[in-house]
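A.B. asks: Supplied in structure tokens, the structure appears directly below.
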Amino acid sequence: MTPLLDVQNVSKAFGAHVLFENISFSIGEGQHVGLIAKNGTGKTTLLSLLSGKESVDSGSIIYRKDIRVGFLEQQPKFDPEESVLDACFNHNGESEKVLKAKQILTQLRIDNLDQKMRELSGGQQKRVALANVLITEPDFLILDEPTNHLDLEMIEWLEGYLSRGGRTLLMVTHDRFFLERVCDTIVELDDKTVYTYHGNYAYYLEKREERINSTLAEIQRANNLYRRE
């Protein structure tokens, strides 16, 4: 199966600070992938590379031809004078989708489609941005902290929404329960490289511990060999 996204030997650094080197992974149609990394190790930069907001130092990011990608930023920006409805459709609203927009916005507790964006709180604006991405029905969703500013009822609704229709998803979130329920693959960015785990979050935790213990054991064996020599 041709992947929707293929990351091939990608490297990125800022000056002498290397975030990652020659990382490779792919995402196939229908996969729900959680991207995990410690703060400051490059996951936000990686999302920026995938969305085209930044360029790679080397390597390739290849999307399958003619697919539509939707990107939810962690801190979206809007024209403060545009209405909620305009913000949802990026000024290209299709009349037949307005009903869907109302339904999604209602689930996210945004009720006034004519309200100016400047009148909304930061949390409300993030929910409008989420609605924007969902309404456009892209082939591939990239979501940066989608559950921020959502209450439990909204999170449960979003979980159900993402589980329907075979959507392809790459997501960054600190909500471990949401990650566990939604994602079937975990990509971990660690020590300038990536590790892929084909399972849910609990599976990832188990296999990550095995990987770390194996690495520590190898280091110990190497130290013992060095001492004997």
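Ligands are numbered from 1 in the order shown, chains are lettered A, B, ... in the order of the structure tokens, and residues start at 1 in each chain.
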Please list as an MDAnalysis selection string every residue within 12 Å of Asp114 in chain A, counting only C-alpha atoms and excluding residues in the same chain fewer than 4 positions away.

C.D. replies: chainID A and resid 81:88 102 110 118:120

A.B. asks: Keeping only N, CA, C and O atoms, write the selected residues to a file as an mmCIF file, in the first residue's frame.

C.D. replies:
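File written: selection29.cif
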data_model
loop_
_atom_site.group_PDB
_atom_site.id
_atom_site.type_symbol
_atom_site.label_atom_id
_atom_site.label_comp_id
_atom_site.auth_asym_id
_atom_site.auth_seq_id
_atom_site.Cartn_x
_atom_site.Cartn_y
_atom_site.Cartn_z
ATOM 1 N N GLU A 81 -11.469 40.534 12.747
ATOM 2 C CA GLU A 81 -12.738 41.112 12.296
ATOM 3 C C GLU A 81 -13.612 40.145 11.524
ATOM 4 O O GLU A 81 -14.751 40.461 11.193
ATOM 5 N N GLU A 82 -13.097 38.959 11.225
ATOM 6 C CA GLU A 82 -13.930 38.019 10.476
ATOM 7 C C GLU A 82 -14.879 37.287 11.407
ATOM 8 O O GLU A 82 -14.648 37.185 12.614
ATOM 9 N N SER A 83 -15.950 36.783 10.835
ATOM 10 C CA SER A 83 -16.948 36.075 11.625
ATOM 11 C C SER A 83 -16.508 34.636 11.861
ATOM 12 O O SER A 83 -15.595 34.126 11.200
ATOM 13 N N VAL A 84 -17.179 33.997 12.793
ATOM 14 C CA VAL A 84 -16.910 32.587 13.066
ATOM 15 C C VAL A 84 -17.104 31.760 11.802
ATOM 16 O O VAL A 84 -16.282 30.892 11.474
ATOM 17 N N LEU A 85 -18.171 32.032 11.059
ATOM 18 C CA LEU A 85 -18.455 31.264 9.844
ATOM 19 C C LEU A 85 -17.358 31.443 8.806
ATOM 20 O O LEU A 85 -16.895 30.477 8.192
ATOM 21 N N ASP A 86 -16.905 32.688 8.593
ATOM 22 C CA ASP A 86 -15.806 32.925 7.651
ATOM 23 C C ASP A 86 -14.536 32.211 8.108
ATOM 24 O O ASP A 86 -13.796 31.643 7.300
ATOM 25 N N ALA A 87 -14.271 32.241 9.398
ATOM 26 C CA ALA A 87 -13.075 31.588 9.928
ATOM 27 C C ALA A 87 -13.132 30.075 9.720
ATOM 28 O O ALA A 87 -12.111 29.437 9.455
ATOM 29 N N CYS A 88 -14.320 29.518 9.814
ATOM 30 C CA CYS A 88 -14.477 28.077 9.632
ATOM 31 C C CYS A 88 -14.186 27.638 8.205
ATOM 32 O O CYS A 88 -13.665 26.552 7.970
ATOM 33 N N LYS A 102 -22.551 24.061 11.420
ATOM 34 C CA LYS A 102 -23.362 24.369 12.594
ATOM 35 C C LYS A 102 -23.384 23.195 13.564
ATOM 36 O O LYS A 102 -23.299 23.373 14.784
ATOM 37 N N ILE A 110 -19.810 26.428 20.261
ATOM 38 C CA ILE A 110 -19.732 27.711 19.556
ATOM 39 C C ILE A 110 -21.071 27.894 18.867
ATOM 40 O O ILE A 110 -21.385 27.188 17.900
ATOM 41 N N ARG A 118 -12.541 38.354 17.256
ATOM 42 C CA ARG A 118 -11.909 39.112 18.345
ATOM 43 C C ARG A 118 -12.708 39.036 19.645
ATOM 44 O O ARG A 118 -12.174 39.309 20.719
ATOM 45 N N GLU A 119 -13.968 38.661 19.556
ATOM 46 C CA GLU A 119 -14.812 38.561 20.738
ATOM 47 C C GLU A 119 -14.703 37.199 21.427
ATOM 48 O O GLU A 119 -15.236 37.004 22.519
ATOM 49 N N LEU A 120 -13.981 36.269 20.805
ATOM 50 C CA LEU A 120 -13.855 34.919 21.349
ATOM 51 C C LEU A 120 -12.594 34.799 22.197
ATOM 52 O O LEU A 120 -11.583 35.441 21.933
#

A.B. asks: Quick one: residues within 7 Å of Phe140 in chain A, only C-alpha atoms, excluding same-chain residues fewer than 5 positions away - as a list in words?

C.D. replies: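 The residues that qualify are Arg68, Val69, Gly70, Arg167, Thr168 and Leu169 of chain A.
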
A.B. asks: CA of Leu5 in chain A to CA of Tyr197 in chain A: how many Å, to one decimal?

C.D. replies: 16.7 Å

A.B. asks: Using only C-alpha atoms, tabulate the residues of range 27-80 of chain A lying at most 6 Å from any atom of range 177-188 of chain A, each with its closest atom pair and that distance in Å to one decimal, by chain and increasing residue number, as a Markdown table.

C.D. replies:
| residue | atom | partner | partner_atom | distance |
| --- | --- | --- | --- | --- |
| A:His32 | CA | A:Cys183 | CA | 4.6 |
| A:Val33 | CA | A:Thr185 | CA | 4.7 |
| A:Gly34 | CA | A:Ile186 | CA | 4.8 |
| A:Leu35 | CA | A:Val187 | CA | 4.9 |
| A:Ile36 | CA | A:Glu188 | CA | 4.7 |
| A:Ala37 | CA | A:Glu188 | CA | 5.8 |

A.B. asks: Among range 94-145 of chain A, which residues does DSSP mark as alpha helix (DSSP H) when it is run on the backbone? Keep the chain and numbering as in the structure and answer as a list in words.

C.D. replies: Val98, Leu99, Lys100, Ala101, Lys102, Gln103, Ile104, Leu105, Thr106, Gln107, Gly122, Gly123, Gln124, Gln125, Lys126, Arg127, Val128, Ala129, Leu130, Ala131, Asn132, Val133, Leu134 and Ile135 of chain A

A.B. asks: Got time to write the residues from that selection, N, CA and C atoms, as a PDB file, in the first residue's frame?

C.D. replies:
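Final file, part.pdb:
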ATOM      1  N   VAL A  98     -22.678  24.342   5.289  1.00  0.00           N
ATOM      2  CA  VAL A  98     -22.991  25.226   6.410  1.00  0.00           C
ATOM      3  C   VAL A  98     -23.715  24.466   7.520  1.00  0.00           C
ATOM      4  N   LEU A  99     -24.635  23.559   7.143  1.00  0.00           N
ATOM      5  CA  LEU A  99     -25.360  22.775   8.141  1.00  0.00           C
ATOM      6  C   LEU A  99     -24.386  21.923   8.940  1.00  0.00           C
ATOM      7  N   LYS A 100     -23.426  21.275   8.220  1.00  0.00           N
ATOM      8  CA  LYS A 100     -22.421  20.484   8.937  1.00  0.00           C
ATOM      9  C   LYS A 100     -21.616  21.363   9.878  1.00  0.00           C
ATOM     10  N   ALA A 101     -21.285  22.571   9.409  1.00  0.00           N
ATOM     11  CA  ALA A 101     -20.517  23.495  10.245  1.00  0.00           C
ATOM     12  C   ALA A 101     -21.269  23.799  11.526  1.00  0.00           C
ATOM     13  N   LYS A 102     -22.551  24.061  11.420  1.00  0.00           N
ATOM     14  CA  LYS A 102     -23.362  24.369  12.594  1.00  0.00           C
ATOM     15  C   LYS A 102     -23.384  23.195  13.564  1.00  0.00           C
ATOM     16  N   GLN A 103     -23.490  21.987  13.013  1.00  0.00           N
ATOM     17  CA  GLN A 103     -23.541  20.805  13.870  1.00  0.00           C
ATOM     18  C   GLN A 103     -22.237  20.622  14.649  1.00  0.00           C
ATOM     19  N   ILE A 104     -21.112  20.777  13.954  1.00  0.00           N
ATOM     20  CA  ILE A 104     -19.808  20.600  14.602  1.00  0.00           C
ATOM     21  C   ILE A 104     -19.563  21.715  15.613  1.00  0.00           C
ATOM     22  N   LEU A 105     -19.861  22.958  15.236  1.00  0.00           N
ATOM     23  CA  LEU A 105     -19.660  24.078  16.142  1.00  0.00           C
ATOM     24  C   LEU A 105     -20.530  23.952  17.391  1.00  0.00           C
ATOM     25  N   THR A 106     -21.734  23.442  17.221  1.00  0.00           N
ATOM     26  CA  THR A 106     -22.614  23.233  18.368  1.00  0.00           C
ATOM     27  C   THR A 106     -22.003  22.210  19.330  1.00  0.00           C
ATOM     28  N   GLN A 107     -21.435  21.127  18.781  1.00  0.00           N
ATOM     29  CA  GLN A 107     -20.785  20.137  19.623  1.00  0.00           C
ATOM     30  C   GLN A 107     -19.608  20.746  20.383  1.00  0.00           C
ATOM     31  N   GLY A 122      -9.297  32.643  23.742  1.00  0.00           N
ATOM     32  CA  GLY A 122      -8.315  31.801  23.070  1.00  0.00           C
ATOM     33  C   GLY A 122      -8.794  30.373  22.923  1.00  0.00           C
ATOM     34  N   GLY A 123      -9.455  29.860  23.957  1.00  0.00           N
ATOM     35  CA  GLY A 123      -9.987  28.510  23.897  1.00  0.00           C
ATOM     36  C   GLY A 123     -11.077  28.360  22.850  1.00  0.00           C
ATOM     37  N   GLN A 124     -11.946  29.353  22.754  1.00  0.00           N
ATOM     38  CA  GLN A 124     -12.997  29.318  21.731  1.00  0.00           C
ATOM     39  C   GLN A 124     -12.402  29.383  20.332  1.00  0.00           C
ATOM     40  N   GLN A 125     -11.363  30.186  20.168  1.00  0.00           N
ATOM     41  CA  GLN A 125     -10.712  30.278  18.857  1.00  0.00           C
ATOM     42  C   GLN A 125     -10.067  28.957  18.462  1.00  0.00           C
ATOM     43  N   LYS A 126      -9.485  28.248  19.439  1.00  0.00           N
ATOM     44  CA  LYS A 126      -8.914  26.929  19.140  1.00  0.00           C
ATOM     45  C   LYS A 126     -10.006  25.963  18.709  1.00  0.00           C
ATOM     46  N   ARG A 127     -11.187  26.074  19.309  1.00  0.00           N
ATOM     47  CA  ARG A 127     -12.287  25.183  18.929  1.00  0.00           C
ATOM     48  C   ARG A 127     -12.814  25.528  17.540  1.00  0.00           C
ATOM     49  N   VAL A 128     -12.810  26.810  17.183  1.00  0.00           N
ATOM     50  CA  VAL A 128     -13.190  27.198  15.818  1.00  0.00           C
ATOM     51  C   VAL A 128     -12.181  26.631  14.820  1.00  0.00           C
ATOM     52  N   ALA A 129     -10.899  26.692  15.161  1.00  0.00           N
ATOM     53  CA  ALA A 129      -9.864  26.141  14.285  1.00  0.00           C
ATOM     54  C   ALA A 129     -10.044  24.632  14.112  1.00  0.00           C
ATOM     55  N   LEU A 130     -10.401  23.944  15.192  1.00  0.00           N
ATOM     56  CA  LEU A 130     -10.663  22.511  15.106  1.00  0.00           C
ATOM     57  C   LEU A 130     -11.861  22.243  14.200  1.00  0.00           C
ATOM     58  N   ALA A 131     -12.910  23.023  14.371  1.00  0.00           N
ATOM     59  CA  ALA A 131     -14.085  22.877  13.506  1.00  0.00           C
ATOM     60  C   ALA A 131     -13.706  23.097  12.043  1.00  0.00           C
ATOM     61  N   ASN A 132     -12.882  24.096  11.784  1.00  0.00           N
ATOM     62  CA  ASN A 132     -12.422  24.399  10.431  1.00  0.00           C
ATOM     63  C   ASN A 132     -11.818  23.171   9.780  1.00  0.00           C
ATOM     64  N   VAL A 133     -10.902  22.513  10.524  1.00  0.00           N
ATOM     65  CA  VAL A 133     -10.219  21.334   9.977  1.00  0.00           C
ATOM     66  C   VAL A 133     -11.196  20.195   9.729  1.00  0.00           C
ATOM     67  N   LEU A 134     -12.117  19.964  10.655  1.00  0.00           N
ATOM     68  CA  LEU A 134     -13.048  18.848  10.515  1.00  0.00           C
ATOM     69  C   LEU A 134     -14.054  19.077   9.395  1.00  0.00           C
ATOM     70  N   ILE A 135     -14.516  20.304   9.250  1.00  0.00           N
ATOM     71  CA  ILE A 135     -15.531  20.618   8.245  1.00  0.00           C
ATOM     72  C   ILE A 135     -15.001  20.390   6.838  1.00  0.00           C
TER      73      ILE A 135
END

A.B. asks: Could you check which of A:Phe89, A:Phe71, A:Tyr204, A:Phe25 is closest to Glu145 in chain A, using only C-alpha atoms?

C.D. replies: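 Ranking A:Phe89, A:Phe71, A:Tyr204, A:Phe25 by distance to Glu145 in chain A, first place goes to A:Phe71.
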
A.B. asks: Can you work out which one of A:Ile155, A:Ile212, A:Val18, A:Leu72 has the shortest atom-to-atom distance to Val172 in chain A, counting only C-alpha atoms?

C.D. replies: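 Checking each candidate against Val172 in chain A, we get A:Leu72 as the closest.
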